[in-house]
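**Q** As input, take target_37.pdb (PDB, C-alpha atoms):
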```pdb
MODEL        1
ATOM      1  CA  MET A  95      30.316  -7.816 -47.081
ATOM      2  CA  ALA A  96      31.402  -4.415 -48.326
ATOM      3  CA  SER A  97      33.735  -2.095 -46.506
ATOM      4  CA  ALA A  98      32.525   1.262 -45.269
ATOM      5  CA  PRO A  99      32.589   3.947 -47.971
ATOM      6  CA  SER A 100      35.951   5.634 -48.147
ATOM      7  CA  ASN A 101      36.244   9.249 -47.072
ATOM      8  CA  THR A 102      39.875  10.234 -47.377
ATOM      9  CA  SER A 103      39.288  13.750 -46.051
ATOM     10  CA  GLU A 104      38.637  12.435 -42.534
ATOM     11  CA  LEU A 105      42.204  11.594 -41.521
ATOM     12  CA  PRO A 106      44.023  12.226 -38.268
ATOM     13  CA  ARG A 107      46.706  14.864 -38.193
ATOM     14  CA  ARG A 108      48.809  14.616 -35.057
ATOM     15  CA  GLY A 109      49.218  18.004 -33.472
ATOM     16  CA  GLY A 110      48.577  19.858 -30.251
ATOM     17  CA  THR A 111      46.088  18.945 -27.576
ATOM     18  CA  HIS A 112      43.831  21.966 -28.053
ATOM     19  CA  LEU A 113      40.470  21.551 -29.738
ATOM     20  CA  PRO A 114      40.442  22.684 -33.361
ATOM     21  CA  ASP A 115      38.719  25.920 -34.324
ATOM     22  CA  GLY A 116      35.094  25.292 -35.197
ATOM     23  CA  ALA A 117      34.619  22.348 -32.827
ATOM     24  CA  ARG A 118      30.895  22.301 -32.127
ATOM     25  CA  ASP A 119      29.657  18.822 -31.195
ATOM     26  CA  LEU A 120      31.815  16.857 -28.746
ATOM     27  CA  VAL A 121      30.827  13.188 -28.794
ATOM     28  CA  LYS A 122      31.990  10.367 -26.534
ATOM     29  CA  ILE A 123      32.338   7.063 -28.393
ATOM     30  CA  LEU A 124      33.318   3.653 -27.048
ATOM     31  CA  VAL A 125      35.693   1.467 -29.039
ATOM     32  CA  THR A 126      34.993  -1.950 -27.643
ATOM     33  CA  GLY A 127      35.278  -5.648 -28.340
ATOM     34  CA  PRO A 128      36.915  -8.760 -26.931
ATOM     35  CA  PHE A 129      40.514  -9.195 -25.858
ATOM     36  CA  GLY A 130      43.055  -8.848 -28.677
ATOM     37  CA  VAL A 131      40.634  -7.620 -31.350
ATOM     38  CA  GLY A 132      42.505  -4.401 -32.228
ATOM     39  CA  LYS A 133      40.910  -1.629 -30.145
ATOM     40  CA  THR A 134      44.216  -0.061 -29.113
ATOM     41  CA  THR A 135      45.495  -0.300 -32.684
ATOM     42  CA  LEU A 136      42.424   1.441 -34.124
ATOM     43  CA  ILE A 137      42.564   4.337 -31.672
ATOM     44  CA  ASP A 138      46.279   4.733 -32.300
ATOM     45  CA  SER A 139      45.722   4.827 -36.067
ATOM     46  CA  VAL A 140      43.089   7.577 -36.048
ATOM     47  CA  SER A 141      43.869   9.829 -33.097
ATOM     48  CA  GLU A 142      44.883  13.376 -33.982
ATOM     49  CA  ILE A 143      46.484  13.762 -30.552
ATOM     50  CA  ARG A 144      49.010  11.493 -28.947
ATOM     51  CA  PRO A 145      46.765   8.678 -27.689
ATOM     52  CA  LEU A 146      46.696   7.545 -24.090
ATOM     53  CA  HIS A 147      47.294   3.831 -23.608
ATOM     54  CA  THR A 148      47.221   1.933 -20.320
ATOM     55  CA  GLU A 149      48.897  -1.228 -21.502
ATOM     56  CA  GLU A 150      50.848  -3.688 -19.409
ATOM     57  CA  HIS A 151      52.724  -6.839 -20.321
ATOM     58  CA  LEU A 152      50.894 -10.097 -19.840
ATOM     59  CA  THR A 153      52.449 -12.227 -17.128
ATOM     60  CA  GLU A 154      52.259 -15.868 -16.104
ATOM     61  CA  ALA A 155      49.797 -14.876 -13.409
ATOM     62  CA  SER A 156      47.235 -13.898 -16.064
ATOM     63  CA  VAL A 157      47.343 -17.267 -17.835
ATOM     64  CA  LEU A 158      44.650 -18.703 -15.590
ATOM     65  CA  VAL A 159      42.258 -15.750 -16.042
ATOM     66  CA  ASP A 160      42.819 -14.455 -19.592
ATOM     67  CA  ASP A 161      41.710 -16.568 -22.543
ATOM     68  CA  LEU A 162      44.517 -16.369 -25.107
ATOM     69  CA  ASP A 163      42.856 -18.727 -27.568
ATOM     70  CA  GLY A 164      43.314 -17.198 -31.003
ATOM     71  CA  VAL A 165      45.635 -14.422 -29.746
ATOM     72  CA  ARG A 166      48.669 -16.390 -28.586
ATOM     73  CA  GLU A 167      51.010 -13.823 -30.119
ATOM     74  CA  LYS A 168      49.640 -11.001 -27.927
ATOM     75  CA  ASP A 169      51.966  -9.976 -25.089
ATOM     76  CA  THR A 170      50.340  -6.779 -23.752
ATOM     77  CA  THR A 171      46.847  -5.835 -22.627
ATOM     78  CA  THR A 172      44.851  -2.689 -21.811
ATOM     79  CA  VAL A 173      44.226  -2.547 -18.068
ATOM     80  CA  ALA A 174      42.091   0.603 -17.859
ATOM     81  CA  ILE A 175      41.340   2.590 -21.022
ATOM     82  CA  ASP A 176      42.716   3.756 -24.317
ATOM     83  CA  PHE A 177      41.897   7.328 -25.252
ATOM     84  CA  GLY A 178      42.148   9.310 -28.474
ATOM     85  CA  ARG A 179      40.456  12.139 -30.332
ATOM     86  CA  ILE A 180      39.541  12.771 -33.940
ATOM     87  CA  SER A 181      37.853  15.776 -35.547
ATOM     88  CA  LEU A 182      35.375  15.217 -38.354
ATOM     89  CA  SER A 183      33.858  17.671 -40.788
ATOM     90  CA  GLY A 184      31.031  19.902 -39.600
ATOM     91  CA  GLY A 185      32.631  20.604 -36.220
ATOM     92  CA  VAL A 186      32.107  17.084 -34.871
ATOM     93  CA  VAL A 187      34.835  15.866 -32.510
ATOM     94  CA  LEU A 188      34.896  12.248 -31.376
ATOM     95  CA  TYR A 189      36.441  11.348 -28.049
ATOM     96  CA  LEU A 190      37.364   7.678 -28.338
ATOM     97  CA  PHE A 191      37.423   5.526 -25.214
ATOM     98  CA  GLY A 192      38.791   2.024 -25.677
ATOM     99  CA  THR A 193      37.545  -0.532 -23.167
ATOM    100  CA  PRO A 194      39.507  -3.472 -21.717
ATOM    101  CA  GLY A 195      38.579  -6.741 -23.357
ATOM    102  CA  GLN A 196      38.825  -9.200 -20.472
ATOM    103  CA  ASP A 197      35.979 -10.180 -18.201
ATOM    104  CA  ARG A 198      38.059  -9.361 -15.091
ATOM    105  CA  PHE A 199      37.883  -5.651 -16.013
ATOM    106  CA  ARG A 200      34.107  -5.591 -16.414
ATOM    107  CA  THR A 201      33.704  -3.552 -13.216
ATOM    108  CA  LEU A 202      35.167  -0.622 -15.191
ATOM    109  CA  TRP A 203      32.450  -0.826 -17.840
ATOM    110  CA  ASP A 204      29.872   1.433 -16.182
ATOM    111  CA  ASP A 205      32.412   4.160 -15.522
ATOM    112  CA  ILE A 206      33.950   4.074 -19.010
ATOM    113  CA  SER A 207      30.617   3.904 -20.832
ATOM    114  CA  TYR A 208      28.950   6.691 -18.830
ATOM    115  CA  GLY A 209      27.916   9.504 -21.173
ATOM    116  CA  ALA A 210      28.794   7.672 -24.387
ATOM    117  CA  LEU A 211      26.448   8.178 -27.335
ATOM    118  CA  GLY A 212      27.416   4.986 -29.120
ATOM    119  CA  ALA A 213      30.009   2.260 -29.590
ATOM    120  CA  LEU A 214      32.090   0.794 -32.365
ATOM    121  CA  VAL A 215      32.409  -2.937 -31.736
ATOM    122  CA  LEU A 216      35.442  -4.608 -33.261
ATOM    123  CA  VAL A 217      34.938  -8.279 -34.084
ATOM    124  CA  ASP A 218      37.399 -11.009 -35.060
ATOM    125  CA  SER A 219      35.693 -13.392 -37.504
ATOM    126  CA  ARG A 220      38.078 -16.161 -36.401
ATOM    127  CA  ARG A 221      36.428 -16.165 -32.950
ATOM    128  CA  ILE A 222      33.003 -14.609 -33.308
ATOM    129  CA  ASP A 223      31.724 -16.069 -30.039
ATOM    130  CA  ALA A 224      34.240 -13.935 -28.107
ATOM    131  CA  SER A 225      32.117 -10.872 -28.988
ATOM    132  CA  PHE A 226      28.860 -12.058 -27.426
ATOM    133  CA  ASP A 227      29.544 -10.688 -23.938
ATOM    134  CA  VAL A 228      30.361  -7.192 -25.216
ATOM    135  CA  LEU A 229      27.292  -7.108 -27.441
ATOM    136  CA  GLY A 230      25.209  -8.226 -24.469
ATOM    137  CA  LEU A 231      26.537  -5.368 -22.347
ATOM    138  CA  LEU A 232      25.665  -2.858 -25.067
ATOM    139  CA  GLU A 233      22.180  -4.273 -25.450
ATOM    140  CA  GLU A 234      21.626  -4.108 -21.685
ATOM    141  CA  ALA A 235      22.812  -0.506 -21.627
ATOM    142  CA  GLY A 236      20.641   0.412 -24.625
ATOM    143  CA  LEU A 237      23.683   1.913 -26.332
ATOM    144  CA  PRO A 238      23.567   2.153 -30.154
ATOM    145  CA  TYR A 239      26.490   0.512 -31.899
ATOM    146  CA  ALA A 240      28.035  -0.446 -35.205
ATOM    147  CA  VAL A 241      30.052  -3.611 -35.835
ATOM    148  CA  ALA A 242      33.381  -3.605 -37.669
ATOM    149  CA  PHE A 243      35.084  -6.866 -38.580
ATOM    150  CA  ASN A 244      38.813  -6.286 -38.218
ATOM    151  CA  ALA A 245      40.597  -7.690 -41.277
ATOM    152  CA  PHE A 246      43.166 -10.026 -39.772
ATOM    153  CA  PRO A 247      45.417 -11.613 -42.442
ATOM    154  CA  ASP A 248      44.221 -15.154 -41.707
ATOM    155  CA  ALA A 249      40.558 -14.268 -41.158
ATOM    156  CA  PRO A 250      38.167 -16.601 -43.013
ATOM    157  CA  SER A 251      36.798 -15.083 -46.197
ATOM    158  CA  HIS A 252      34.061 -17.576 -47.066
ATOM    159  CA  TYR A 253      31.386 -16.158 -44.762
ATOM    160  CA  THR A 254      28.712 -13.977 -46.316
ATOM    161  CA  GLY A 255      27.476 -10.783 -44.740
ATOM    162  CA  ASP A 256      24.153 -12.461 -43.944
ATOM    163  CA  GLN A 257      25.943 -15.339 -42.216
ATOM    164  CA  LEU A 258      28.019 -12.986 -40.087
ATOM    165  CA  ARG A 259      24.992 -10.880 -39.178
ATOM    166  CA  ALA A 260      23.076 -14.014 -38.193
ATOM    167  CA  ALA A 261      26.016 -15.359 -36.163
ATOM    168  CA  LEU A 262      26.049 -12.165 -34.095
ATOM    169  CA  ASP A 263      22.241 -11.927 -34.027
ATOM    170  CA  LEU A 264      22.389  -8.304 -35.140
ATOM    171  CA  ALA A 265      19.289  -6.224 -35.686
ATOM    172  CA  PRO A 266      18.661  -5.398 -39.368
ATOM    173  CA  GLY A 267      19.475  -1.719 -38.843
ATOM    174  CA  THR A 268      22.803  -2.265 -37.075
ATOM    175  CA  PRO A 269      25.664  -1.178 -39.379
ATOM    176  CA  MET A 270      28.171  -3.919 -40.168
ATOM    177  CA  VAL A 271      31.393  -3.139 -42.045
ATOM    178  CA  THR A 272      34.918  -4.431 -42.465
ATOM    179  CA  CYS A 273      37.978  -2.441 -41.532
ATOM    180  CA  ASP A 274      41.717  -2.695 -41.028
ATOM    181  CA  ALA A 275      42.410  -1.232 -37.586
ATOM    182  CA  ARG A 276      46.004  -0.486 -38.632
ATOM    183  CA  ASP A 277      44.880   1.808 -41.445
ATOM    184  CA  ALA A 278      43.639   5.312 -40.637
ATOM    185  CA  HIS A 279      41.399   5.586 -43.724
ATOM    186  CA  SER A 280      39.727   2.270 -43.018
ATOM    187  CA  SER A 281      39.306   2.941 -39.307
ATOM    188  CA  VAL A 282      37.808   6.401 -39.888
ATOM    189  CA  ASP A 283      35.341   4.899 -42.346
ATOM    190  CA  ALA A 284      34.188   2.473 -39.649
ATOM    191  CA  LEU A 285      33.715   5.356 -37.211
ATOM    192  CA  LEU A 286      31.778   7.305 -39.853
ATOM    193  CA  ALA A 287      29.431   4.338 -40.252
ATOM    194  CA  LEU A 288      28.706   4.551 -36.532
ATOM    195  CA  VAL A 289      28.254   8.338 -36.588
ATOM    196  CA  GLN A 290      25.814   8.091 -39.496
ATOM    197  CA  HIS A 291      23.900   5.413 -37.584
ATOM    198  CA  LEU A 292      23.664   7.699 -34.541
ATOM    199  CA  ILE A 293      22.396  10.548 -36.740
ATOM    200  CA  ASP A 294      19.838   8.330 -38.458
ATOM    201  CA  ASP A 295      18.564   7.077 -35.095
ATOM    202  CA  ARG A 296      17.912  10.565 -33.756
ATOM    203  CA  PRO A 297      14.408  12.022 -34.058
ATOM    204  CA  ALA A 298      14.068  14.068 -37.229
ATOM    205  CA  GLU A 299      13.596  17.327 -35.323
ATOM    206  CA  ALA A 300      16.876  16.788 -33.438
ATOM    207  CA  ARG A 301      19.080  16.082 -36.451
TER     208      ARG A 301
ENDMDL
END
```
When written as structure tokens, how does the structure in this file appear?

**A**
Amino acid sequence: MASAPSNTSELPRRGGTHLPDGARDLVKILVTGPFGVGKTTLIDSVSEIRPLHTEEHLTEASVLVDDLDGVREKDTTTVAIDFGRISLSGGVVLYLFGTPGQDRFRTLWDDISYGALGALVLVDSRRIDASFDVLGLLEEAGLPYAVAFNAFPDAPSHYTGDQLRAALDLAPGTPMVTCDARDAHSSVDALLALVQHLIDDRPAEAR
């Protein structure tokens, strides 16, 4: 499976909180996926403003409700949202809303997803089944999305793109790329794959 095409011009530049000159289309995007998949990391890597994180340390009380299988090294979790912003060429500004990954925060989903035009779904190929619930929510909401496999160092490399697409039961037109959520270039490329998908899905007269 190939990575998204590189576009090194679309990189975050941390600065003030004001919108850049020429901002024309303001787009709300969800960055979603299961617990521990890298949503906070991706938003942090691309945001041109200081990102907002609502992270808290995991405690013993959460052991019985949060599935740490495959993410034993994780010691914090998002309890509300992550938020960042990135400006793309052509006056497009993406507002990035990261969703909590645990089932116990699902009641926040409707509020966070309200008004979003699409979603970037981060997937961990070491635990593909953890992504089914999020994909189901997006399908129920009718929200277009792209899938980005986060390149964890120990992620299996023997799966083909067709196998991964079949495992997630993705529609043929759903973009599927790889990315490294720690790397701004790679993360922006994944977001561009989603934006292009949203453009392609619009009626021709609205593009």

**Q** Which residues fall under the PyMOL selection byres ((chain A and resi 263) around 12) in this file, as a CSV table (one decimal) with C-alpha atoms, keeping the file's coordinate frame?

**A**
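Writing the result to result_23.csv gives the following:
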```csv
chain,number,residue,atom,x,y,z
A,222,ILE,CA,33.0,-14.6,-33.3
A,223,ASP,CA,31.7,-16.1,-30.0
A,225,SER,CA,32.1,-10.9,-29.0
A,226,PHE,CA,28.9,-12.1,-27.4
A,229,LEU,CA,27.3,-7.1,-27.4
A,230,GLY,CA,25.2,-8.2,-24.5
A,233,GLU,CA,22.2,-4.3,-25.4
A,241,VAL,CA,30.1,-3.6,-35.8
A,255,GLY,CA,27.5,-10.8,-44.7
A,256,ASP,CA,24.2,-12.5,-43.9
A,257,GLN,CA,25.9,-15.3,-42.2
A,258,LEU,CA,28.0,-13.0,-40.1
A,259,ARG,CA,25.0,-10.9,-39.2
A,260,ALA,CA,23.1,-14.0,-38.2
A,261,ALA,CA,26.0,-15.4,-36.2
A,262,LEU,CA,26.0,-12.2,-34.1
A,264,LEU,CA,22.4,-8.3,-35.1
A,265,ALA,CA,19.3,-6.2,-35.7
A,266,PRO,CA,18.7,-5.4,-39.4
A,267,GLY,CA,19.5,-1.7,-38.8
A,268,THR,CA,22.8,-2.3,-37.1
A,270,MET,CA,28.2,-3.9,-40.2
```

**Q** What is the CA of Val140 (chain A) to CA of Ser281 (chain A) distance in Å?

**A** 6.8 Å

**Q** As an exercise, work out the distance from CA of Pro269 (chain A) to CA of Ala240 (chain A) in Å and give it to one decimal place.

**A** 4.9 Å

**Q** Using the chain letters and numbers from this file, what does the PyMOL selection byres ((chain A and resi 185) around 12) select? Give the answer as a VMD selection string.

**A** chain A and resid 104 113 to 121 180 to 184 186 to 188

**Q** I need the residues from that last selection saved to file as a PDB file, keeping the file's coordinate frame (with C-alpha atoms), if you can.

**A**
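Wrote it out as result.pdb, contents follow:
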```pdb
ATOM      1  CA  GLU A 104      38.637  12.435 -42.534  1.00  0.00           C
ATOM      2  CA  LEU A 113      40.470  21.551 -29.738  1.00  0.00           C
ATOM      3  CA  PRO A 114      40.442  22.684 -33.361  1.00  0.00           C
ATOM      4  CA  ASP A 115      38.719  25.920 -34.324  1.00  0.00           C
ATOM      5  CA  GLY A 116      35.094  25.292 -35.197  1.00  0.00           C
ATOM      6  CA  ALA A 117      34.619  22.348 -32.827  1.00  0.00           C
ATOM      7  CA  ARG A 118      30.895  22.301 -32.127  1.00  0.00           C
ATOM      8  CA  ASP A 119      29.657  18.822 -31.195  1.00  0.00           C
ATOM      9  CA  LEU A 120      31.815  16.857 -28.746  1.00  0.00           C
ATOM     10  CA  VAL A 121      30.827  13.188 -28.794  1.00  0.00           C
ATOM     11  CA  ILE A 180      39.541  12.771 -33.940  1.00  0.00           C
ATOM     12  CA  SER A 181      37.853  15.776 -35.547  1.00  0.00           C
ATOM     13  CA  LEU A 182      35.375  15.217 -38.354  1.00  0.00           C
ATOM     14  CA  SER A 183      33.858  17.671 -40.788  1.00  0.00           C
ATOM     15  CA  GLY A 184      31.031  19.902 -39.600  1.00  0.00           C
ATOM     16  CA  VAL A 186      32.107  17.084 -34.871  1.00  0.00           C
ATOM     17  CA  VAL A 187      34.835  15.866 -32.510  1.00  0.00           C
ATOM     18  CA  LEU A 188      34.896  12.248 -31.376  1.00  0.00           C
TER      19      LEU A 188
END
```

**Q** Determine, counting all atoms listed in the file, every residue of protein, DNA or RNA that lies within 12 Å of (25.6, -6.6, -17.7) in the file coordinates, then give the result as a PyMOL selection string.

**A** chain A and resi 197+200-204+226-236

**Q** Quick check, in Å to one decimal: how far apart do CA of Asp205 (chain A) and CA of Ser280 (chain A) lie?

**A** 28.5 Å

**Q** Quick one: of A:Ser251, A:Pro238, A:Ile175, A:Cys273, who's nearest to Ile293 (chain A), counting all atoms listed in the file?

**A**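 Nearest to Ile293 (chain A): A:Pro238.
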
**Q** Here is a test: counting only C-alpha atoms, which residue of A:Ala278, A:Thr254, A:Leu292, A:Ser219 is nearest to Lys122 (chain A)?

**A** A:Leu292

**Q** Choose the residue, out of A:Ala224, A:Leu211, A:Ile123, A:Leu216, that has the smallest atom-to-atom separation from Phe177 (chain A); count all atoms listed in the file.

**A**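 Checking each candidate against Phe177 (chain A), we get A:Ile123 as the closest.
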
**Q** Got a sec: who's within 8 Å of region 131-133 of chain A, counting all atoms listed in the file, leaving out chain neighbours fewer than 6 positions off, as a list in words?

**A**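 Contacts, in chain order: Val125, Gly192, Thr193, Leu216, Val217, Asp218, Asn244 and Ala275 of chain A.
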
**Q** Give the answer as one residue: which of A:Pro247, A:Gly127, A:Gly178, A:Pro145 has the shortest atom-to-atom distance to Leu214 (chain A), using all atoms listed in the file?

**A**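 Of the candidates, the smallest distance to Leu214 (chain A) is held by A:Gly127.
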
**Q** Using the chain letters and residue numbers of this document, give as an mmCIF file with C-alpha atoms, in the frame of the given file the residues selected by the PyMOL selection byres ((chain A and resi 276) around 6).

**A**
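Writing done, so here's expr.cif:
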```
data_model
loop_
_atom_site.group_PDB
_atom_site.id
_atom_site.type_symbol
_atom_site.label_atom_id
_atom_site.label_comp_id
_atom_site.auth_asym_id
_atom_site.auth_seq_id
_atom_site.Cartn_x
_atom_site.Cartn_y
_atom_site.Cartn_z
ATOM 1 C CA THR A 135 45.495 -0.300 -32.684
ATOM 2 C CA SER A 139 45.722 4.827 -36.067
ATOM 3 C CA ASP A 274 41.717 -2.695 -41.028
ATOM 4 C CA ALA A 275 42.410 -1.232 -37.586
ATOM 5 C CA ASP A 277 44.880 1.808 -41.445
#
```
